>>> print(open('input_31.txt').read())   # compact mmCIF, C-alpha atoms
# COMPACT_ATOMS: atom_id res chain seq x y z
CA MET A 87 0.00 0.00 0.00
CA GLU A 88 1.37 3.40 -0.97
CA GLN A 89 0.89 6.38 1.33
CA ALA A 90 -0.32 9.30 -0.77
CA THR A 91 -1.54 12.13 1.38
CA THR A 92 -1.64 12.60 5.13
CA SER A 93 -3.31 15.32 7.14
CA LYS A 94 -4.25 15.65 10.78
CA VAL A 95 -7.41 13.57 10.73
CA VAL A 96 -7.94 12.26 7.19
CA SER A 97 -5.46 10.32 5.09
CA VAL A 98 -5.60 8.82 1.62
CA THR A 99 -3.76 5.62 0.76
CA ARG A 100 -3.68 3.76 -2.51
CA GLU A 101 -4.09 0.07 -3.14
CA SER A 102 -2.49 -1.47 -6.22
CA ASN A 103 -5.80 -2.05 -8.01
CA GLY A 104 -7.13 1.42 -8.74
CA VAL A 105 -8.69 1.73 -5.30
CA ALA A 106 -8.04 4.50 -2.78
CA LEU A 107 -8.78 4.30 0.93
CA ILE A 108 -9.95 7.41 2.76
CA HIS A 109 -9.13 6.99 6.45
CA LEU A 110 -11.05 8.93 9.09
CA ASN A 111 -9.00 9.24 12.27
CA ARG A 112 -10.15 11.89 14.72
CA PRO A 113 -10.42 10.24 18.15
CA PRO A 114 -12.43 9.47 20.06
CA ALA A 115 -15.40 9.23 17.66
CA ASN A 116 -14.51 10.84 14.30
CA SER A 117 -16.78 13.76 15.15
CA TYR A 118 -16.36 16.37 12.48
CA ASP A 119 -15.22 19.94 12.84
CA ARG A 120 -13.97 22.43 10.26
CA GLY A 121 -10.61 20.66 10.10
CA LEU A 122 -12.05 17.24 9.31
CA ILE A 123 -14.33 18.72 6.65
CA ASP A 124 -11.39 20.53 5.05
CA ASP A 125 -9.33 17.33 5.07
CA LEU A 126 -12.17 15.29 3.59
CA ASN A 127 -12.62 17.91 0.90
CA ALA A 128 -8.92 17.70 0.02
CA ALA A 129 -9.08 13.90 -0.09
CA ILE A 130 -12.02 13.97 -2.50
CA ASP A 131 -10.20 16.46 -4.71
CA GLU A 132 -7.13 14.23 -4.81
CA ILE A 133 -9.20 11.22 -5.83
CA ARG A 134 -11.09 13.26 -8.41
CA PHE A 135 -7.96 14.30 -10.25
CA ASP A 136 -5.99 11.05 -9.98
CA GLU A 137 -6.70 9.13 -13.18
CA SER A 138 -5.28 5.94 -11.68
CA ILE A 139 -8.08 5.79 -9.09
CA GLY A 140 -11.44 4.41 -10.13
CA ALA A 141 -13.06 3.86 -6.74
CA ALA A 142 -12.55 4.78 -3.10
CA VAL A 143 -13.43 3.17 0.21
CA LEU A 144 -14.31 5.54 3.05
CA MET A 145 -13.35 3.89 6.33
CA SER A 146 -12.61 4.61 9.98
CA ASP A 147 -9.33 3.89 11.68
CA LEU A 148 -11.14 3.87 15.05
CA PRO A 149 -12.46 0.50 16.26
CA LYS A 150 -15.79 1.60 17.75
CA PHE A 151 -16.91 4.47 15.53
CA PHE A 152 -17.39 5.20 11.86
CA SER A 153 -18.43 8.72 12.86
CA ALA A 154 -20.58 10.17 15.62
CA GLY A 155 -21.42 13.24 13.54
CA ALA A 156 -20.81 16.86 14.44
CA ASP A 157 -18.40 17.89 17.17
CA ILE A 158 -20.92 19.32 19.61
CA ASN A 159 -18.25 21.06 21.69
CA MET A 160 -17.02 22.92 18.61
CA PHE A 161 -20.54 23.94 17.62
CA ARG A 162 -21.18 25.27 21.13
CA THR A 163 -18.14 27.54 21.10
CA VAL A 164 -18.46 29.22 17.69
CA SER A 165 -20.86 31.90 16.50
CA SER A 166 -24.17 31.14 14.81
CA LYS A 167 -22.71 32.37 11.52
CA ALA A 168 -19.73 30.03 11.90
CA ARG A 169 -22.10 27.12 12.60
CA ALA A 170 -24.10 27.94 9.49
CA MET A 171 -20.96 28.15 7.35
CA THR A 172 -19.69 24.84 8.75
CA ILE A 173 -22.97 23.12 7.85
CA LEU A 174 -22.90 24.69 4.37
CA HIS A 175 -19.29 23.58 3.93
CA MET A 176 -20.17 19.99 4.81
CA HIS A 177 -23.13 20.09 2.41
CA GLU A 178 -20.84 21.19 -0.40
CA VAL A 179 -18.19 18.57 0.38
CA LEU A 180 -20.74 15.74 0.45
CA LEU A 181 -22.25 16.98 -2.81
CA LYS A 182 -18.76 16.99 -4.31
CA MET A 183 -18.27 13.36 -3.29
CA GLU A 184 -21.73 12.47 -4.61
CA HIS A 185 -21.08 14.20 -7.94
CA THR A 186 -17.56 12.86 -8.47
CA PRO A 187 -17.65 10.39 -11.39
CA LYS A 188 -15.92 7.69 -9.36
CA VAL A 189 -17.43 5.15 -6.99
CA PHE A 190 -17.31 5.79 -3.24
CA ILE A 191 -18.04 2.97 -0.78
CA ALA A 192 -18.47 3.42 2.97
CA ALA A 193 -17.07 0.59 5.10
CA ILE A 194 -18.96 0.86 8.39
CA GLY A 195 -17.73 -1.13 11.36
CA GLY A 196 -18.79 1.03 14.30
CA HIS A 197 -21.33 3.58 15.46
CA CYS A 198 -22.56 5.66 12.52
CA LEU A 199 -24.74 8.38 13.94
CA GLY A 200 -26.13 11.78 13.03
CA GLY A 201 -23.84 13.51 10.58
CA GLY A 202 -21.78 10.32 10.43
CA LEU A 203 -24.71 8.48 8.89
CA GLU A 204 -25.22 11.42 6.55
CA ILE A 205 -21.61 11.14 5.38
CA SER A 206 -22.18 7.48 4.55
CA LEU A 207 -25.43 8.29 2.73
CA ALA A 208 -23.46 10.49 0.31
CA THR A 209 -21.43 7.47 -0.83
CA ASP A 210 -22.62 5.18 -3.60
CA PHE A 211 -22.60 1.96 -1.56
CA ARG A 212 -22.49 1.11 2.13
CA PHE A 213 -20.93 -2.08 3.50
CA ALA A 214 -21.56 -2.76 7.19
CA ALA A 215 -20.00 -5.24 9.56
CA GLU A 216 -22.14 -7.36 11.82
CA GLY A 217 -21.96 -6.14 15.40
CA GLU A 218 -23.53 -4.39 18.36
CA TYR A 219 -23.12 -0.81 17.18
CA ARG A 220 -25.89 1.50 15.97
CA LEU A 221 -26.77 3.59 12.91
CA GLY A 222 -29.26 6.45 12.95
CA VAL A 223 -30.02 10.11 13.53
CA PRO A 224 -30.55 10.37 17.31
CA GLU A 225 -30.20 14.17 17.28
CA VAL A 226 -33.89 14.47 16.39
CA THR A 227 -34.73 13.37 19.94
CA LEU A 228 -33.08 16.63 21.05
CA GLY A 229 -35.09 18.69 18.58
CA LEU A 230 -32.21 18.97 16.10
CA LEU A 231 -32.72 18.50 12.36
CA PRO A 232 -30.25 16.28 10.49
CA GLY A 233 -28.40 19.05 8.71
CA ASN A 234 -26.21 17.39 6.11
CA GLY A 235 -28.59 16.07 3.50
CA GLY A 236 -29.94 13.06 5.35
CA THR A 237 -33.53 14.29 5.11
CA GLN A 238 -33.20 14.13 1.32
CA ARG A 239 -30.89 11.17 0.77
CA LEU A 240 -32.54 8.74 3.19
CA PRO A 241 -36.03 8.96 1.61
CA ARG A 242 -34.51 8.54 -1.85
CA LEU A 243 -32.68 5.47 -0.62
CA ILE A 244 -35.34 3.56 1.35
CA GLY A 245 -38.60 5.35 0.54
CA ARG A 246 -40.42 8.21 2.19
CA GLN A 247 -42.42 6.29 4.78
CA LYS A 248 -39.57 4.19 6.17
CA ALA A 249 -37.27 7.19 6.20
CA MET A 250 -39.90 9.33 7.91
CA GLU A 251 -40.10 6.94 10.84
CA LEU A 252 -36.34 7.04 11.35
CA LEU A 253 -36.16 10.81 10.91
CA VAL A 254 -39.06 11.56 13.26
CA THR A 255 -38.34 9.06 16.03
CA GLY A 256 -34.54 9.02 15.93
CA LYS A 257 -34.75 5.26 16.42
CA PRO A 258 -31.28 3.71 16.10
CA LEU A 259 -30.80 0.61 13.99
CA ASP A 260 -28.49 -2.32 14.50
CA PRO A 261 -26.56 -3.35 11.37
CA LYS A 262 -28.92 -6.23 10.57
CA SER A 263 -31.97 -3.96 10.71
CA ALA A 264 -30.17 -1.31 8.66
CA ALA A 265 -29.46 -3.90 5.98
CA ALA A 266 -33.06 -5.13 6.01
CA LEU A 267 -34.31 -1.56 5.48
CA GLY A 268 -31.78 -0.88 2.74
CA VAL A 269 -29.84 1.76 4.66
CA VAL A 270 -26.76 -0.38 4.04
CA ASP A 271 -26.24 -2.50 0.95
CA ARG A 272 -24.23 -5.42 2.30
CA LEU A 273 -23.83 -6.96 5.73
CA VAL A 274 -20.56 -8.83 6.20
CA SER A 275 -18.54 -10.35 9.02
CA PRO A 276 -16.27 -7.85 10.80
CA ASP A 277 -13.11 -9.61 9.66
CA ARG A 278 -14.22 -9.32 6.02
CA LEU A 279 -15.49 -5.73 6.02
CA LEU A 280 -12.50 -3.93 4.55
CA ALA A 281 -11.45 -6.80 2.27
CA ASP A 282 -14.93 -7.15 0.80
CA ALA A 283 -15.32 -3.40 0.31
CA ILE A 284 -11.92 -3.18 -1.41
CA ALA A 285 -12.67 -6.19 -3.62
CA PHE A 286 -15.98 -4.67 -4.70
CA ALA A 287 -14.31 -1.32 -5.32
CA ALA A 288 -11.57 -2.99 -7.36
CA THR A 289 -14.14 -4.74 -9.55
CA LEU A 290 -15.84 -1.43 -10.27
CA ALA A 291 -12.54 0.40 -10.77
CA ALA A 292 -11.54 -2.15 -13.40
CA GLY A 293 -14.75 -1.64 -15.36
CA PRO A 294 -15.53 0.98 -18.00
CA THR A 295 -15.91 4.57 -16.85
CA LEU A 296 -19.01 6.60 -17.56
>>> encode(input="input_31.txt", output="structure tokens")
Amino acid sequence: MEQATTSKVVSVTRESNGVALIHLNRPPANSYDRGLIDDLNAAIDEIRFDESIGAAVLMSDLPKFFSAGADINMFRTVSSKARAMTILHMHEVLLKMEHTPKVFIAAIGGHCLGGGLEISLATDFRFAAEGEYRLGVPEVTLGLLPGNGGTQRLPRLIGRQKAMELLVTGKPLDPKSAAALGVVDRLVSPDRLLADAIAFAATLAAGPTL
């Protein structure tokens, strides 16, 4: 594996098969702040312009979390305008990933909550490991609206009625339930999560481009 780009909390590595790995690594829970969003934006740009990369796997380097969403402490300490700009920035970065003509796959092996779930919804495919963690948008139980496109992407993915229940109740899902609803595309054993996601990405990277 070749190390390509490293930043404080996001790194991009390359496999030998046209696949890039985007590593999220902001302990303890990959909660995002302006820095993580900037790093993710740079990683997407790098993948966009590298003609040798056909697909990317978005993964967490932390064992218990894919991402817990927004860094609440950061949001509490900045101005309302800064909060609004941070949310807009994340919207634009996720749209960039969604619109990039390469395949992005989320490999989810830990808690994927709030904005973390919304990050995964902006990828093309979601692989999830079996386990005891949860996926969902629990912030709605605090009167907070999912602010990074989840209210649009989730209904498009699983249908309005099923999405409405999750978005109104904030009910968390275990991986098996998430797979049954279609929130994730494949449920795999934990020891196969990354390998299966990379293999799928490699198959797509080797195919014709649109």
>>> residues_around(input="input_31.txt", residues="segment 236-243 of chain A", least_positions_apart="5", cutoff="9 Å", atoms="only C-alpha atoms", output="list in words")
Gly200, Gly201, Leu203, Glu204, Ile205, Leu207, Ala208, Val223, Leu231, Lys248, Ala249, Met250, Leu253, Gly268 and Val269 of chain A
>>> residues_around(input="input_31.txt", residues="Arg169 of chain A", least_positions_apart="2", cutoff="12 Å", atoms="only C-alpha atoms", output="list in words")
Asp119, Arg120, Ala156, Asp157, Ile158, Asn159, Met160, Phe161, Arg162, Thr163, Val164, Ser165, Ser166, Lys167, Met171, Thr172, Ile173, Leu174, His175, Met176 and Gly233 of chain A
>>> closest_residue(input="input_31.txt", among="A:Arg100, A:Lys262, A:Arg134, A:Arg112", to="His185 of chain A", atoms="all atoms listed in the file")
A:Arg134
>>> closest_residue(input="input_31.txt", among="A:Val96, A:Ala154, A:Leu144, A:Val105", to="Tyr219 of chain A", atoms="only C-alpha atoms")
A:Ala154
>>> closest_residue(input="input_31.txt", among="A:Ala129, A:Ile108, A:Ile244, A:Leu228", to="Ile284 of chain A", atoms="all atoms listed in the file")
A:Ile108
>>> atom_distance(input="input_31.txt", atom1="atom CA of Leu279 of chain A", atom2="atom CA of Leu259 of chain A")
18.4 Å
